>>> print(open('start-v6.cif').read())   # mmCIF, C-alpha atoms
data_query
loop_
_atom_site.group_PDB
_atom_site.id
_atom_site.type_symbol
_atom_site.label_atom_id
_atom_site.label_comp_id
_atom_site.auth_asym_id
_atom_site.auth_seq_id
_atom_site.Cartn_x
_atom_site.Cartn_y
_atom_site.Cartn_z
ATOM 1 C CA MET A 6 18.971 -23.197 50.034
ATOM 2 C CA SER A 7 22.065 -23.695 47.852
ATOM 3 C CA THR A 8 20.636 -27.026 46.628
ATOM 4 C CA ARG A 9 17.498 -25.228 45.462
ATOM 5 C CA ILE A 10 19.607 -22.577 43.672
ATOM 6 C CA GLU A 11 21.630 -25.323 41.967
ATOM 7 C CA GLN A 12 18.445 -27.100 40.850
ATOM 8 C CA TYR A 13 17.061 -23.833 39.477
ATOM 9 C CA ARG A 14 20.348 -23.035 37.725
ATOM 10 C CA SER A 15 20.514 -26.487 36.108
ATOM 11 C CA ALA A 16 16.863 -26.173 35.005
ATOM 12 C CA VAL A 17 17.491 -22.751 33.434
ATOM 13 C CA LEU A 18 20.992 -23.303 32.048
ATOM 14 C CA THR A 19 20.215 -26.381 29.997
ATOM 15 C CA THR A 20 22.331 -27.082 26.926
ATOM 16 C CA ALA A 21 19.456 -25.887 24.725
ATOM 17 C CA ASN A 22 19.194 -22.586 26.630
ATOM 18 C CA GLN A 23 22.974 -22.100 26.537
ATOM 19 C CA LEU A 24 22.837 -22.393 22.736
ATOM 20 C CA THR A 25 20.023 -19.815 22.660
ATOM 21 C CA ILE A 26 22.091 -17.453 24.836
ATOM 22 C CA LEU A 27 25.052 -18.003 22.484
ATOM 23 C CA ARG A 28 22.783 -16.995 19.580
ATOM 24 C CA ILE A 29 21.898 -13.765 21.409
ATOM 25 C CA ILE A 30 25.631 -13.100 21.914
ATOM 26 C CA PHE A 31 26.149 -13.611 18.165
ATOM 27 C CA VAL A 32 23.863 -10.624 17.420
ATOM 28 C CA PRO A 33 26.229 -7.786 18.490
ATOM 29 C CA VAL A 34 29.167 -9.708 16.984
ATOM 30 C CA PHE A 35 27.264 -9.927 13.688
ATOM 31 C CA ILE A 36 26.399 -6.195 13.790
ATOM 32 C CA ILE A 37 30.015 -5.193 14.508
ATOM 33 C CA LEU A 38 31.315 -7.387 11.667
ATOM 34 C CA LEU A 39 28.850 -5.804 9.230
ATOM 35 C CA ALA A 40 29.700 -2.302 10.482
ATOM 36 C CA TYR A 41 33.380 -2.979 9.673
ATOM 37 C CA HIS A 42 32.470 -4.605 6.325
ATOM 38 C CA GLU A 43 33.803 -8.001 7.394
ATOM 39 C CA ILE A 44 31.057 -9.597 5.340
ATOM 40 C CA GLY A 45 32.581 -13.075 5.109
ATOM 41 C CA TRP A 46 32.858 -13.261 8.887
ATOM 42 C CA ALA A 47 29.362 -11.800 9.273
ATOM 43 C CA LEU A 48 28.009 -14.477 6.917
ATOM 44 C CA GLY A 49 29.804 -17.161 8.956
ATOM 45 C CA THR A 50 28.345 -15.747 12.184
ATOM 46 C CA PHE A 51 24.839 -15.701 10.701
ATOM 47 C CA VAL A 52 25.195 -19.334 9.593
ATOM 48 C CA ALA A 53 26.590 -20.323 13.024
ATOM 49 C CA ALA A 54 23.602 -18.631 14.685
ATOM 50 C CA GLY A 55 21.283 -20.607 12.406
ATOM 51 C CA ILE A 56 23.027 -23.860 13.373
ATOM 52 C CA THR A 57 22.607 -23.083 17.094
ATOM 53 C CA ASP A 58 18.909 -22.402 16.417
ATOM 54 C CA VAL A 59 18.454 -25.836 14.855
ATOM 55 C CA LEU A 60 20.541 -27.566 17.534
ATOM 56 C CA ASP A 61 18.790 -25.984 20.517
ATOM 57 C CA GLY A 62 15.411 -27.079 19.133
ATOM 58 C CA ILE A 63 16.595 -30.651 18.583
ATOM 59 C CA ILE A 64 18.238 -30.860 22.025
ATOM 60 C CA ALA A 65 15.226 -29.349 23.806
ATOM 61 C CA ARG A 66 12.855 -31.888 22.237
ATOM 62 C CA ARG A 67 15.109 -34.945 22.301
ATOM 63 C CA PHE A 68 16.432 -34.579 25.826
ATOM 64 C CA GLY A 69 13.380 -33.025 27.485
ATOM 65 C CA GLN A 70 15.053 -29.634 27.976
ATOM 66 C CA LYS A 71 12.026 -27.475 27.140
ATOM 67 C CA THR A 72 11.802 -24.663 29.687
ATOM 68 C CA SER A 73 9.616 -21.579 30.040
ATOM 69 C CA ILE A 74 12.688 -19.328 29.835
ATOM 70 C CA GLY A 75 13.790 -21.155 26.693
ATOM 71 C CA ALA A 76 10.340 -20.664 25.159
ATOM 72 C CA MET A 77 10.759 -16.927 25.770
ATOM 73 C CA LEU A 78 14.454 -16.571 24.824
ATOM 74 C CA ASP A 79 14.348 -18.603 21.597
ATOM 75 C CA PRO A 80 11.956 -16.367 19.622
ATOM 76 C CA LEU A 81 13.651 -13.292 21.139
ATOM 77 C CA ALA A 82 17.045 -14.490 19.848
ATOM 78 C CA ASP A 83 15.547 -15.148 16.403
ATOM 79 C CA LYS A 84 13.886 -11.735 16.213
ATOM 80 C CA LEU A 85 17.007 -9.888 17.405
ATOM 81 C CA LEU A 86 19.148 -11.554 14.748
ATOM 82 C CA MET A 87 16.635 -11.191 11.903
ATOM 83 C CA THR A 88 15.628 -7.605 12.701
ATOM 84 C CA SER A 89 19.222 -6.413 13.020
ATOM 85 C CA SER A 90 20.153 -8.238 9.777
ATOM 86 C CA ILE A 91 17.254 -6.782 7.808
ATOM 87 C CA LEU A 92 17.814 -3.258 9.188
ATOM 88 C CA ILE A 93 21.568 -3.096 8.588
ATOM 89 C CA LEU A 94 21.415 -4.719 5.158
ATOM 90 C CA SER A 95 18.828 -2.136 4.054
ATOM 91 C CA LEU A 96 20.863 0.947 5.055
ATOM 92 C CA PRO A 97 22.310 2.811 2.028
ATOM 93 C CA GLN A 98 24.925 4.343 4.358
ATOM 94 C CA MET A 99 26.519 0.878 4.652
ATOM 95 C CA GLU A 100 27.428 1.100 0.942
ATOM 96 C CA PHE A 101 26.970 -2.606 0.230
ATOM 97 C CA HIS A 102 26.728 -3.701 -3.430
ATOM 98 C CA ASN A 103 23.363 -5.328 -2.774
ATOM 99 C CA LEU A 104 20.875 -3.912 -0.302
ATOM 100 C CA ILE A 105 17.581 -5.233 0.998
ATOM 101 C CA PRO A 106 15.024 -2.715 -0.339
ATOM 102 C CA ARG A 107 13.680 -0.308 2.237
ATOM 103 C CA TRP A 108 10.084 -1.287 1.398
ATOM 104 C CA LEU A 109 10.866 -4.924 2.270
ATOM 105 C CA MET A 110 12.482 -3.890 5.562
ATOM 106 C CA ILE A 111 9.338 -1.883 6.422
ATOM 107 C CA VAL A 112 7.019 -4.795 5.497
ATOM 108 C CA ILE A 113 9.008 -7.258 7.657
ATOM 109 C CA ILE A 114 9.274 -4.999 10.710
ATOM 110 C CA PHE A 115 5.661 -3.780 10.418
ATOM 111 C CA ARG A 116 4.439 -7.399 10.229
ATOM 112 C CA ASP A 117 6.327 -8.332 13.405
ATOM 113 C CA MET A 118 5.022 -5.283 15.276
ATOM 114 C CA PHE A 119 1.510 -5.961 13.946
ATOM 115 C CA ILE A 120 1.574 -9.603 15.121
ATOM 116 C CA LEU A 121 2.847 -8.506 18.530
ATOM 117 C CA LEU A 122 0.062 -5.920 18.820
ATOM 118 C CA VAL A 123 -2.694 -8.347 17.743
ATOM 119 C CA SER A 124 -1.371 -11.003 20.157
ATOM 120 C CA LEU A 125 -1.289 -8.467 22.982
ATOM 121 C CA LEU A 126 -4.866 -7.355 22.242
ATOM 122 C CA VAL A 127 -6.119 -10.954 22.196
ATOM 123 C CA VAL A 128 -4.384 -11.684 25.525
ATOM 124 C CA LEU A 129 -5.796 -8.500 27.103
ATOM 125 C CA MET A 130 -9.334 -9.116 25.831
ATOM 126 C CA VAL A 131 -9.660 -12.892 26.211
ATOM 127 C CA GLY A 132 -6.846 -13.975 28.517
ATOM 128 C CA TRP A 133 -3.601 -15.850 28.012
ATOM 129 C CA ARG A 134 -3.350 -17.827 24.781
ATOM 130 C CA VAL A 135 -0.547 -19.845 23.230
ATOM 131 C CA PHE A 136 0.078 -18.650 19.682
ATOM 132 C CA THR A 137 1.657 -21.455 17.705
ATOM 133 C CA PRO A 138 3.509 -20.515 14.525
ATOM 134 C CA SER A 139 1.490 -20.991 11.351
ATOM 135 C CA PRO A 140 2.912 -22.728 8.258
ATOM 136 C CA TYR A 141 2.812 -19.344 6.491
ATOM 137 C CA GLY A 142 4.727 -17.715 9.351
ATOM 138 C CA LYS A 143 7.379 -20.433 9.131
ATOM 139 C CA ALA A 144 7.558 -20.049 5.337
ATOM 140 C CA SER A 145 7.928 -16.286 5.784
ATOM 141 C CA THR A 146 10.803 -16.803 8.227
ATOM 142 C CA VAL A 147 12.533 -19.224 5.837
ATOM 143 C CA MET A 148 12.192 -16.689 3.000
ATOM 144 C CA GLN A 149 13.600 -13.908 5.190
ATOM 145 C CA VAL A 150 16.572 -16.060 6.254
ATOM 146 C CA PHE A 151 17.223 -17.016 2.623
ATOM 147 C CA THR A 152 17.031 -13.334 1.625
ATOM 148 C CA VAL A 153 19.576 -12.318 4.273
ATOM 149 C CA LEU A 154 21.883 -15.187 3.271
ATOM 150 C CA ALA A 155 21.616 -14.252 -0.431
ATOM 151 C CA VAL A 156 22.367 -10.569 0.242
ATOM 152 C CA LEU A 157 25.286 -11.426 2.546
ATOM 153 C CA TYR A 158 26.730 -13.916 0.061
ATOM 154 C CA THR A 159 26.429 -11.638 -2.983
ATOM 155 C CA ASN A 160 28.024 -8.774 -1.053
ATOM 156 C CA TRP A 161 30.832 -11.013 0.190
ATOM 157 C CA ARG A 162 31.558 -12.221 -3.368
ATOM 158 C CA HIS A 163 31.039 -8.698 -4.858
ATOM 159 C CA LEU A 164 28.352 -9.987 -7.220
ATOM 160 C CA GLU A 165 25.741 -7.868 -8.961
ATOM 161 C CA VAL A 166 22.612 -10.057 -9.084
ATOM 162 C CA PRO A 167 19.514 -8.299 -10.493
ATOM 163 C CA GLU A 168 17.524 -11.534 -9.906
ATOM 164 C CA LEU A 169 17.626 -10.755 -6.175
ATOM 165 C CA ASN A 170 14.607 -8.526 -6.877
ATOM 166 C CA ILE A 171 12.510 -11.652 -7.538
ATOM 167 C CA LEU A 172 13.522 -13.006 -4.126
ATOM 168 C CA PHE A 173 12.694 -9.663 -2.496
ATOM 169 C CA TYR A 174 9.166 -9.642 -3.976
ATOM 170 C CA MET A 175 8.556 -13.285 -3.030
ATOM 171 C CA THR A 176 9.719 -12.603 0.533
ATOM 172 C CA GLY A 177 7.588 -9.462 0.752
ATOM 173 C CA LEU A 178 4.464 -11.268 -0.475
ATOM 174 C CA MET A 179 4.930 -14.213 1.884
ATOM 175 C CA THR A 180 5.635 -11.865 4.814
ATOM 176 C CA ALA A 181 2.506 -9.763 4.137
ATOM 177 C CA PHE A 182 0.344 -12.866 3.621
ATOM 178 C CA SER A 183 1.548 -14.465 6.863
ATOM 179 C CA GLY A 184 0.759 -11.221 8.708
ATOM 180 C CA LEU A 185 -2.807 -11.278 7.368
ATOM 181 C CA HIS A 186 -3.115 -14.952 8.292
ATOM 182 C CA TYR A 187 -2.045 -14.206 11.883
ATOM 183 C CA LEU A 188 -4.620 -11.395 12.006
ATOM 184 C CA VAL A 189 -7.417 -13.764 10.920
ATOM 185 C CA ARG A 190 -6.295 -16.356 13.492
ATOM 186 C CA GLY A 191 -6.138 -13.716 16.215
ATOM 187 C CA LEU A 192 -9.633 -12.445 15.396
ATOM 188 C CA ARG A 193 -10.982 -16.005 15.472
ATOM 189 C CA GLN A 194 -9.472 -16.619 18.908
ATOM 190 C CA TRP A 195 -10.925 -13.326 20.089
ATOM 191 C CA HIS A 196 -14.366 -14.034 18.598
ATOM 192 C CA PHE A 197 -14.760 -17.674 19.629
ATOM 193 C CA GLN A 198 -13.619 -17.392 23.233
#
>>> encode(input="start-v6.cif", output="structure tokens")
Amino acid sequence: MSTRIEQYRSAVLTTANQLTILRIIFVPVFIILLAYHEIGWALGTFVAAGITDVLDGIIARRFGQKTSIGAMLDPLADKLLMTSSILILSLPQMEFHNLIPRWLMIVIIFRDMFILLVSLLVVLMVGWRVFTPSPYGKASTVMQVFTVLAVLYTNWRHLEVPELNILFYMTGLMTAFSGLHYLVRGLRQWHFQ
């Protein structure tokens, strides 16, 4: 019995999954640092979380450490970090020099909820499907990460950068477009099954 538990534990607690769990632990640390206006440390934590994201993917593929729990935890860790970043950095009460516009925060969160709802409907109507990320979804995520990094950096350095508005619009457009693309893909899976 204990041998089976050990085998299960080693299958679940792979190096890749440990890095994903570390990324989840970074989320409350990041939130606390932002709440206390320790923006430099928050920026460092966000970057460290991004490094663990890259590393866990490389390790999982290279060393055959892909697990079902990892496939579930990895996107959860990403969404927790991104959603908390976008939400906190859009709150006027935080009194940061540069804020993510509220409209962009709504677009990003609505898109994620929309994709979740469409995916759930497809699964309920047609059965289990694997939804692979689209190139537009990946581009949207990259733009969102870059936006958070830019806002964190400019706040840390106390810079007023009006050009951030261009980045906000680009991120908003890519986010909305990727949401529509996921909808079309979801409807195709629903229709052709």
>>> residues_around(input="start-v6.cif", residues="Pro80 in chain A", least_positions_apart="2", cutoff="12 Å", atoms="only C-alpha atoms", output="MDAnalysis selection string")
chainID A and resid 22 25:26 28:29 58 61:62 73:78 82:88 117 137:138 146
>>> atom_distance(input="start-v6.cif", atom1="CA of Val150 in chain A", atom2="CA of Ile105 in chain A")
12.1 Å
>>> resolve_selection(input="start-v6.cif", expression="the PyMOL selection byres ((chain A and resi 30-45) around 9)", output="count of residues only")
27
>>> resolve_selection(input="start-v6.cif", expression="the PyMOL selection byres ((chain A and resi 187) around 9)", output="list in words")
Ile120, Val123, Ser124, Pro138, Ser139, Tyr141, Gly142, Phe182, Ser183, Gly184, Leu185, His186, Leu188, Val189, Arg190, Gly191 and Leu192 of chain A
>>> resolve_selection(input="start-v6.cif", expression="the PyMOL selection byres ((chain A and resi 177) around 12)", output="PyMOL selection string")
chain A and resi 105-116+144-146+148-149+152+170-176+178-184
>>> atom_distance(input="start-v6.cif", atom1="CA of Leu122 in chain A", atom2="CA of Pro140 in chain A")
20.1 Å
>>> residues_around(input="start-v6.cif", residues="Ile64 in chain A", least_positions_apart="6", cutoff="8 Å", atoms="only C-alpha atoms", output="JSON, numbers by chain")
{"A": [20, 21, 70]}
>>> axis_aligned_box(input="start-v6.cif", around="range 23-32 of chain A", padding_each_side="8 Å", output="JSON")
{"center_x": 23.1, "center_y": -16.5, "center_z": 22.0, "size_x": 22.1, "size_y": 27.8, "size_z": 25.1}
>>> atom_distance(input="start-v6.cif", atom1="CA of His163 in chain A", atom2="CA of Ile91 in chain A")
18.8 Å
>>> closest_residue(input="start-v6.cif", among="A:Leu24, A:Gly55, A:Phe68, A:Glu100", to="Phe151 in chain A", atoms="only C-alpha atoms")
A:Gly55
>>> build_atoms(input="start-v6.cif", residues="range 155-176 of chain A", atoms="N, CA, C and O atoms", output="PDB file, keeping the file's coordinate frame")
ATOM      1  N   ALA A 155      21.319 -14.616   0.963  1.00  0.00           N
ATOM      2  CA  ALA A 155      21.616 -14.252  -0.431  1.00  0.00           C
ATOM      3  C   ALA A 155      22.291 -12.886  -0.499  1.00  0.00           C
ATOM      4  O   ALA A 155      23.278 -12.705  -1.231  1.00  0.00           O
ATOM      5  N   VAL A 156      21.785 -11.917   0.262  1.00  0.00           N
ATOM      6  CA  VAL A 156      22.367 -10.569   0.242  1.00  0.00           C
ATOM      7  C   VAL A 156      23.775 -10.589   0.846  1.00  0.00           C
ATOM      8  O   VAL A 156      24.698  -9.975   0.299  1.00  0.00           O
ATOM      9  N   LEU A 157      23.949 -11.318   1.954  1.00  0.00           N
ATOM     10  CA  LEU A 157      25.286 -11.426   2.546  1.00  0.00           C
ATOM     11  C   LEU A 157      26.264 -12.077   1.568  1.00  0.00           C
ATOM     12  O   LEU A 157      27.384 -11.582   1.364  1.00  0.00           O
ATOM     13  N   TYR A 158      25.839 -13.179   0.963  1.00  0.00           N
ATOM     14  CA  TYR A 158      26.730 -13.916   0.061  1.00  0.00           C
ATOM     15  C   TYR A 158      27.118 -13.074  -1.152  1.00  0.00           C
ATOM     16  O   TYR A 158      28.296 -13.007  -1.516  1.00  0.00           O
ATOM     17  N   THR A 159      26.123 -12.428  -1.786  1.00  0.00           N
ATOM     18  CA  THR A 159      26.429 -11.638  -2.983  1.00  0.00           C
ATOM     19  C   THR A 159      27.309 -10.435  -2.648  1.00  0.00           C
ATOM     20  O   THR A 159      28.151 -10.042  -3.465  1.00  0.00           O
ATOM     21  N   ASN A 160      27.146  -9.875  -1.463  1.00  0.00           N
ATOM     22  CA  ASN A 160      28.024  -8.774  -1.053  1.00  0.00           C
ATOM     23  C   ASN A 160      29.435  -9.281  -0.764  1.00  0.00           C
ATOM     24  O   ASN A 160      30.423  -8.622  -1.096  1.00  0.00           O
ATOM     25  N   TRP A 161      29.523 -10.423  -0.126  1.00  0.00           N
ATOM     26  CA  TRP A 161      30.832 -11.013   0.190  1.00  0.00           C
ATOM     27  C   TRP A 161      31.616 -11.316  -1.086  1.00  0.00           C
ATOM     28  O   TRP A 161      32.808 -11.056  -1.176  1.00  0.00           O
ATOM     29  N   ARG A 162      30.902 -11.847  -2.104  1.00  0.00           N
ATOM     30  CA  ARG A 162      31.558 -12.221  -3.368  1.00  0.00           C
ATOM     31  C   ARG A 162      31.596 -11.069  -4.370  1.00  0.00           C
ATOM     32  O   ARG A 162      32.071 -11.239  -5.493  1.00  0.00           O
ATOM     33  N   HIS A 163      31.076  -9.884  -3.990  1.00  0.00           N
ATOM     34  CA  HIS A 163      31.039  -8.698  -4.858  1.00  0.00           C
ATOM     35  C   HIS A 163      30.308  -8.982  -6.163  1.00  0.00           C
ATOM     36  O   HIS A 163      30.779  -8.626  -7.247  1.00  0.00           O
ATOM     37  N   LEU A 164      29.148  -9.638  -6.053  1.00  0.00           N
ATOM     38  CA  LEU A 164      28.352  -9.987  -7.220  1.00  0.00           C
ATOM     39  C   LEU A 164      27.193  -9.017  -7.393  1.00  0.00           C
ATOM     40  O   LEU A 164      26.570  -8.625  -6.421  1.00  0.00           O
ATOM     41  N   GLU A 165      26.930  -8.641  -8.630  1.00  0.00           N
ATOM     42  CA  GLU A 165      25.741  -7.868  -8.961  1.00  0.00           C
ATOM     43  C   GLU A 165      24.697  -8.876  -9.461  1.00  0.00           C
ATOM     44  O   GLU A 165      24.902  -9.503 -10.503  1.00  0.00           O
ATOM     45  N   VAL A 166      23.620  -9.050  -8.729  1.00  0.00           N
ATOM     46  CA  VAL A 166      22.612 -10.057  -9.084  1.00  0.00           C
ATOM     47  C   VAL A 166      21.243  -9.390  -9.152  1.00  0.00           C
ATOM     48  O   VAL A 166      20.546  -9.277  -8.144  1.00  0.00           O
ATOM     49  N   PRO A 167      20.832  -8.946 -10.359  1.00  0.00           N
ATOM     50  CA  PRO A 167      19.514  -8.299 -10.493  1.00  0.00           C
ATOM     51  C   PRO A 167      18.358  -9.235 -10.105  1.00  0.00           C
ATOM     52  O   PRO A 167      17.296  -8.777  -9.680  1.00  0.00           O
ATOM     53  N   GLU A 168      18.572 -10.558 -10.232  1.00  0.00           N
ATOM     54  CA  GLU A 168      17.524 -11.534  -9.906  1.00  0.00           C
ATOM     55  C   GLU A 168      17.157 -11.528  -8.422  1.00  0.00           C
ATOM     56  O   GLU A 168      16.144 -12.116  -8.029  1.00  0.00           O
ATOM     57  N   LEU A 169      17.971 -10.876  -7.596  1.00  0.00           N
ATOM     58  CA  LEU A 169      17.626 -10.755  -6.175  1.00  0.00           C
ATOM     59  C   LEU A 169      16.267 -10.083  -5.996  1.00  0.00           C
ATOM     60  O   LEU A 169      15.572 -10.334  -5.019  1.00  0.00           O
ATOM     61  N   ASN A 170      15.897  -9.219  -6.965  1.00  0.00           N
ATOM     62  CA  ASN A 170      14.607  -8.526  -6.877  1.00  0.00           C
ATOM     63  C   ASN A 170      13.442  -9.509  -6.840  1.00  0.00           C
ATOM     64  O   ASN A 170      12.449  -9.264  -6.156  1.00  0.00           O
ATOM     65  N   ILE A 171      13.565 -10.626  -7.558  1.00  0.00           N
ATOM     66  CA  ILE A 171      12.510 -11.652  -7.538  1.00  0.00           C
ATOM     67  C   ILE A 171      12.374 -12.206  -6.128  1.00  0.00           C
ATOM     68  O   ILE A 171      11.270 -12.357  -5.607  1.00  0.00           O
ATOM     69  N   LEU A 172      13.517 -12.494  -5.506  1.00  0.00           N
ATOM     70  CA  LEU A 172      13.522 -13.006  -4.126  1.00  0.00           C
ATOM     71  C   LEU A 172      12.913 -11.984  -3.170  1.00  0.00           C
ATOM     72  O   LEU A 172      12.135 -12.342  -2.279  1.00  0.00           O
ATOM     73  N   PHE A 173      13.243 -10.714  -3.364  1.00  0.00           N
ATOM     74  CA  PHE A 173      12.694  -9.663  -2.496  1.00  0.00           C
ATOM     75  C   PHE A 173      11.164  -9.622  -2.583  1.00  0.00           C
ATOM     76  O   PHE A 173      10.482  -9.541  -1.562  1.00  0.00           O
ATOM     77  N   TYR A 174      10.624  -9.684  -3.809  1.00  0.00           N
ATOM     78  CA  TYR A 174       9.166  -9.642  -3.976  1.00  0.00           C
ATOM     79  C   TYR A 174       8.507 -10.882  -3.383  1.00  0.00           C
ATOM     80  O   TYR A 174       7.457 -10.784  -2.742  1.00  0.00           O
ATOM     81  N   MET A 175       9.108 -12.050  -3.594  1.00  0.00           N
ATOM     82  CA  MET A 175       8.556 -13.285  -3.030  1.00  0.00           C
ATOM     83  C   MET A 175       8.539 -13.222  -1.504  1.00  0.00           C
ATOM     84  O   MET A 175       7.557 -13.589  -0.865  1.00  0.00           O
ATOM     85  N   THR A 176       9.630 -12.725  -0.929  1.00  0.00           N
ATOM     86  CA  THR A 176       9.719 -12.603   0.533  1.00  0.00           C
ATOM     87  C   THR A 176       8.696 -11.598   1.046  1.00  0.00           C
ATOM     88  O   THR A 176       8.029 -11.843   2.057  1.00  0.00           O
TER      89      THR A 176
END
